[in-house]
Amino acid sequence: MSKFNDDELLNLFFSELATIKYQKDDNVFTRIKKKIQETFDLEELKEDSNLDKEIQNFNLNKKQKNKLQMLRINQEGMIIRYNEIKTGIEEETKINRLRDFQFWYMQITGSQNLTDRLKKKLQKIRKDRFDFLVDYIAEFNRIQQGIQDETEIERLRDFWFSEITKSKLENDDKQKLNELREEHIRKLEQTQPGTNDFNYIRNKIYDKKKIPNLKVNRHWFREIRNSKNLSKEQKVALNIQRDKKLKALSNKKYDKINEEIPKIETANLLNNRCYINIMIYELKNENLKDDRDVDTLQQKRQERYQLIQKKVEISKYDRYKRQITNFYNRKQVVLLSNDNVLAKILKTSIKH
């Protein structure tokens, strides 16, 4: 068996120690390197960031530290470039600059400090933005052309207003289309016969708050029917509006009555001659939606009326009972009082 002298053992120890330290330093270097490469937050890549301090504070040799710092700086520059291109693409409004082999395509491919993975990601963002603008422009043009070609004022007021509102266009573009729509309405109003009557009746119906005059064969139905200036199409449009308004008011009134009945505490407000019953009488099931029903509402009114009446009767009974009890108690007090006087008289007589 070979033997080592003290010097040889000491050299072997330091050699092993150096190997362990090198392996440890190499593991730290690899870990930080990977961390830098996986970091996409600029705040974490800046000078004096936690990552920068981590590089400085670990027990690495100067060469390793320099490599990591250079890697951090390059990663920071790469992310800055990535964000610049990404923001530019997302804010781009000119569709030609987003096409293949055009401005943003070349900006991506020409960026030497971007990895292939980031370039691929940016190309997808570019294509998505391109597709979005294609659809966006098509939607804008569709509505714009539809407004310009429209010949019916009512459709300009309702249908195209709805199309603009529900579209995914930006507010500025929606405003442009609404201005175009309103301008086209004004032009048609000057050329179409019966427009003044149409607008007058339409606005009056829109402002109505009460049900009766909107019903069939009532005021606004007759106004539409008897007008000599309205076209057939205009009369149909106004009657549709009248019917919608009638149903909207009916459902609103139903809900109001339905909520109000349980809160009423006075029977007189619920009898057959009260205003609640009159309001219910104005409602028709044909104008109500969902599970709203006039008979159900009447039943609810009557049940509430009966409940209040019952409470009143019970209250009267309790009051009468208290009065009788009080009357009886007073009689007893009087009798006892009289008995007391009589007792005194008897005692006085006995003494004498």
# chains A, B, ... in the order shown; residues from 1 in each chain; ligands from 1
>>> residues_around(residues="range 56-68 of chain A", least_positions_apart="3", cutoff="12 Å", atoms="only C-alpha atoms", output="CSV table (one decimal) with C-alpha atoms, in the first residue's frame")
chain,number,residue,atom,x,y,z
A,21,LYS,CA,-15.0,25.3,-6.0
A,22,TYR,CA,-14.8,25.3,-9.8
A,23,GLN,CA,-17.7,23.0,-10.1
A,24,LYS,CA,-19.7,25.2,-7.7
A,25,ASP,CA,-18.8,28.4,-9.5
A,26,ASP,CA,-19.7,26.7,-12.8
A,27,ASN,CA,-23.1,25.7,-11.5
A,28,VAL,CA,-23.8,29.2,-10.2
A,29,PHE,CA,-22.7,30.7,-13.6
A,30,THR,CA,-25.0,28.3,-15.5
A,31,ARG,CA,-28.0,29.0,-13.3
A,32,ILE,CA,-27.6,32.8,-13.6
A,33,LYS,CA,-27.1,32.6,-17.3
A,34,LYS,CA,-30.3,30.6,-17.7
A,35,LYS,CA,-32.1,33.1,-15.5
A,36,ILE,CA,-31.0,36.0,-17.7
A,37,GLN,CA,-32.0,34.3,-20.9
A,45,LEU,CA,-32.6,43.5,-16.4
A,47,GLU,CA,-28.4,48.1,-13.9
A,48,ASP,CA,-28.6,47.8,-10.1
A,49,SER,CA,-31.5,45.4,-10.5
A,50,ASN,CA,-31.7,42.3,-8.3
A,51,LEU,CA,-30.2,40.3,-11.1
A,52,ASP,CA,-27.3,42.7,-11.6
A,53,LYS,CA,-26.6,42.6,-7.8
A,71,LEU,CA,-25.4,38.7,-21.4
A,72,ARG,CA,-27.7,40.8,-19.2
A,73,ILE,CA,-27.0,44.0,-21.2
A,74,ASN,CA,-27.7,42.1,-24.5
A,75,GLN,CA,-30.9,40.6,-23.1
>>> residues_around(residues="range 154-156 of chain A", least_positions_apart="4", cutoff="9 Å", atoms="only C-alpha atoms", output="PDB file with C-alpha atoms, in the first residue's frame")
ATOM      1  CA  ILE A 147     -75.788  54.460 -44.892  1.00  0.00           C
ATOM      2  CA  GLU A 150     -80.181  53.866 -47.632  1.00  0.00           C
ATOM      3  CA  TRP A 160     -78.023  51.789 -38.978  1.00  0.00           C
ATOM      4  CA  PHE A 161     -77.741  53.442 -35.578  1.00  0.00           C
ATOM      5  CA  ARG A 181     -76.005  58.966 -40.943  1.00  0.00           C
ATOM      6  CA  GLU A 182     -77.513  62.168 -39.515  1.00  0.00           C
ATOM      7  CA  HIS A 184     -78.101  61.618 -44.848  1.00  0.00           C
ATOM      8  CA  ILE A 185     -81.294  61.799 -42.765  1.00  0.00           C
ATOM      9  CA  GLN A 234     -94.109  55.361 -43.225  1.00  0.00           C
ATOM     10  CA  ALA A 237     -92.985  52.119 -39.593  1.00  0.00           C
ATOM     11  CA  LEU A 238     -94.911  54.428 -37.241  1.00  0.00           C
TER      12      LEU A 238
END
>>> select_by_dssp(residues="range 49-274 of chain A", states="helix (DSSP H, G or I)", output="PyMOL selection string")
chain A and resi 50-57+62-91+95-98+103-109+116-149+153-157+159-166+171-191+195-207+212-214+219-226+232-263+267-269
>>> atom_distance(atom1="CA of Gln302 in chain A", atom2="CA of Glu282 in chain A")
16.9 Å
>>> residues_around(residues="Leu177 in chain A", least_positions_apart="4", cutoff="8 Å", atoms="only C-alpha atoms", output="list in words")
Ile143, Gln144, Ile164, Asp173 and Arg181 of chain A
>>> residues_around(residues="range 127-133 of chain A", least_positions_apart="2", cutoff="8 Å", atoms="only C-alpha atoms", output="ChimeraX atom specification")
/A:89-90,93,95,98-99,123-125,135-137
>>> write_last_selection(atoms="N, CA and C atoms", output="PDB file, in the first residue's frame")
ATOM      1  N   ILE A  89     -46.398  47.713 -34.017  1.00  0.00           N
ATOM      2  CA  ILE A  89     -47.361  46.883 -34.752  1.00  0.00           C
ATOM      3  C   ILE A  89     -48.765  47.064 -34.186  1.00  0.00           C
ATOM      4  N   GLU A  90     -48.876  47.045 -32.867  1.00  0.00           N
ATOM      5  CA  GLU A  90     -50.191  47.146 -32.226  1.00  0.00           C
ATOM      6  C   GLU A  90     -50.854  48.498 -32.471  1.00  0.00           C
ATOM      7  N   THR A  93     -51.951  51.640 -38.117  1.00  0.00           N
ATOM      8  CA  THR A  93     -53.272  51.800 -38.736  1.00  0.00           C
ATOM      9  C   THR A  93     -53.221  51.680 -40.260  1.00  0.00           C
ATOM     10  N   ILE A  95     -52.604  49.483 -43.300  1.00  0.00           N
ATOM     11  CA  ILE A  95     -52.601  48.042 -43.540  1.00  0.00           C
ATOM     12  C   ILE A  95     -51.429  47.594 -44.410  1.00  0.00           C
ATOM     13  N   LEU A  98     -48.225  46.394 -42.830  1.00  0.00           N
ATOM     14  CA  LEU A  98     -48.283  45.127 -42.106  1.00  0.00           C
ATOM     15  C   LEU A  98     -48.209  43.910 -43.032  1.00  0.00           C
ATOM     16  N   ARG A  99     -48.197  44.139 -44.315  1.00  0.00           N
ATOM     17  CA  ARG A  99     -48.170  43.020 -45.257  1.00  0.00           C
ATOM     18  C   ARG A  99     -46.813  42.314 -45.235  1.00  0.00           C
ATOM     19  N   GLN A 123     -43.943  38.074 -35.658  1.00  0.00           N
ATOM     20  CA  GLN A 123     -44.585  37.857 -36.958  1.00  0.00           C
ATOM     21  C   GLN A 123     -46.052  37.473 -36.774  1.00  0.00           C
ATOM     22  N   LYS A 124     -46.324  36.701 -35.739  1.00  0.00           N
ATOM     23  CA  LYS A 124     -47.723  36.337 -35.461  1.00  0.00           C
ATOM     24  C   LYS A 124     -48.526  37.568 -35.046  1.00  0.00           C
ATOM     25  N   ILE A 125     -47.926  38.422 -34.215  1.00  0.00           N
ATOM     26  CA  ILE A 125     -48.602  39.656 -33.805  1.00  0.00           C
ATOM     27  C   ILE A 125     -48.885  40.528 -35.028  1.00  0.00           C
ATOM     28  N   ASP A 135     -60.516  43.194 -41.352  1.00  0.00           N
ATOM     29  CA  ASP A 135     -61.906  43.063 -40.900  1.00  0.00           C
ATOM     30  C   ASP A 135     -62.466  44.416 -40.460  1.00  0.00           C
ATOM     31  N   TYR A 136     -61.635  45.205 -39.804  1.00  0.00           N
ATOM     32  CA  TYR A 136     -62.063  46.512 -39.296  1.00  0.00           C
ATOM     33  C   TYR A 136     -62.462  47.431 -40.450  1.00  0.00           C
ATOM     34  N   ILE A 137     -61.586  47.503 -41.445  1.00  0.00           N
ATOM     35  CA  ILE A 137     -61.853  48.374 -42.597  1.00  0.00           C
ATOM     36  C   ILE A 137     -63.080  47.891 -43.361  1.00  0.00           C
TER      37      ILE A 137
END
>>> residues_around(residues="Asp207 in chain A", least_positions_apart="4", cutoff="12 Å", atoms="only C-alpha atoms", output="list in words")
Tyr200, Ile201, Arg202, Asn203, Ile211, Leu214, Gln241, Arg242, Lys245, Leu246 and Leu249 of chain A
>>> atom_distance(atom1="CA of Lys168 in chain A", atom2="CA of Gln148 in chain A")
20.0 Å
>>> closest_residue(among="A:Arg225, A:Arg301, A:Lys46, A:Arg97", to="Gly77 in chain A", atoms="only C-alpha atoms")
A:Lys46
>>> atom_distance(atom1="CA of Tyr275 in chain A", atom2="CA of Lys210 in chain A")
14.1 Å
>>> closest_residue(among="A:Leu297, A:Lys247, A:Ile240, A:Lys174", to="Glu260 in chain A", atoms="only C-alpha atoms")
A:Leu297
>>> closest_residue(among="A:Arg157, A:Lys166, A:Arg142, A:Lys215", to="Asn199 in chain A", atoms="only C-alpha atoms")
A:Arg157
>>> closest_residue(among="A:Phe40, A:Ile278, A:Phe198, A:Ser315", to="Ser227 in chain A", atoms="only C-alpha atoms")
A:Phe198
>>> residues_around(residues="Met279 in chain A", least_positions_apart="6", cutoff="10 Å", atoms="only C-alpha atoms", output="PyMOL selection string")
chain A and resi 211+250+253-254+257
>>> closest_residue(among="A:Asp290, A:Glu179, A:Glu223, A:Glu38", to="Asp197 in chain A", atoms="only C-alpha atoms")
A:Glu223
>>> closest_residue(among="A:Glu91, A:Trp220, A:Ile85, A:Lys300", to="Ser111 in chain A", atoms="only C-alpha atoms")
A:Ile85
>>> closest_atom_pairs(of="range 113-141 of chain A", to="range 105-109 of chain A", cutoff="9 Å", atoms="only C-alpha atoms", output="Markdown table")
| residue | atom | partner | partner_atom | distance |
| --- | --- | --- | --- | --- |
| A:Leu114 | CA | A:Ile108 | CA | 8.2 |
| A:Lys119 | CA | A:Ile108 | CA | 6.0 |
| A:Lys120 | CA | A:Ile108 | CA | 8.8 |
| A:Leu122 | CA | A:Ile108 | CA | 7.0 |
| A:Gln123 | CA | A:Tyr105 | CA | 7.0 |
| A:Arg126 | CA | A:Tyr105 | CA | 7.6 |
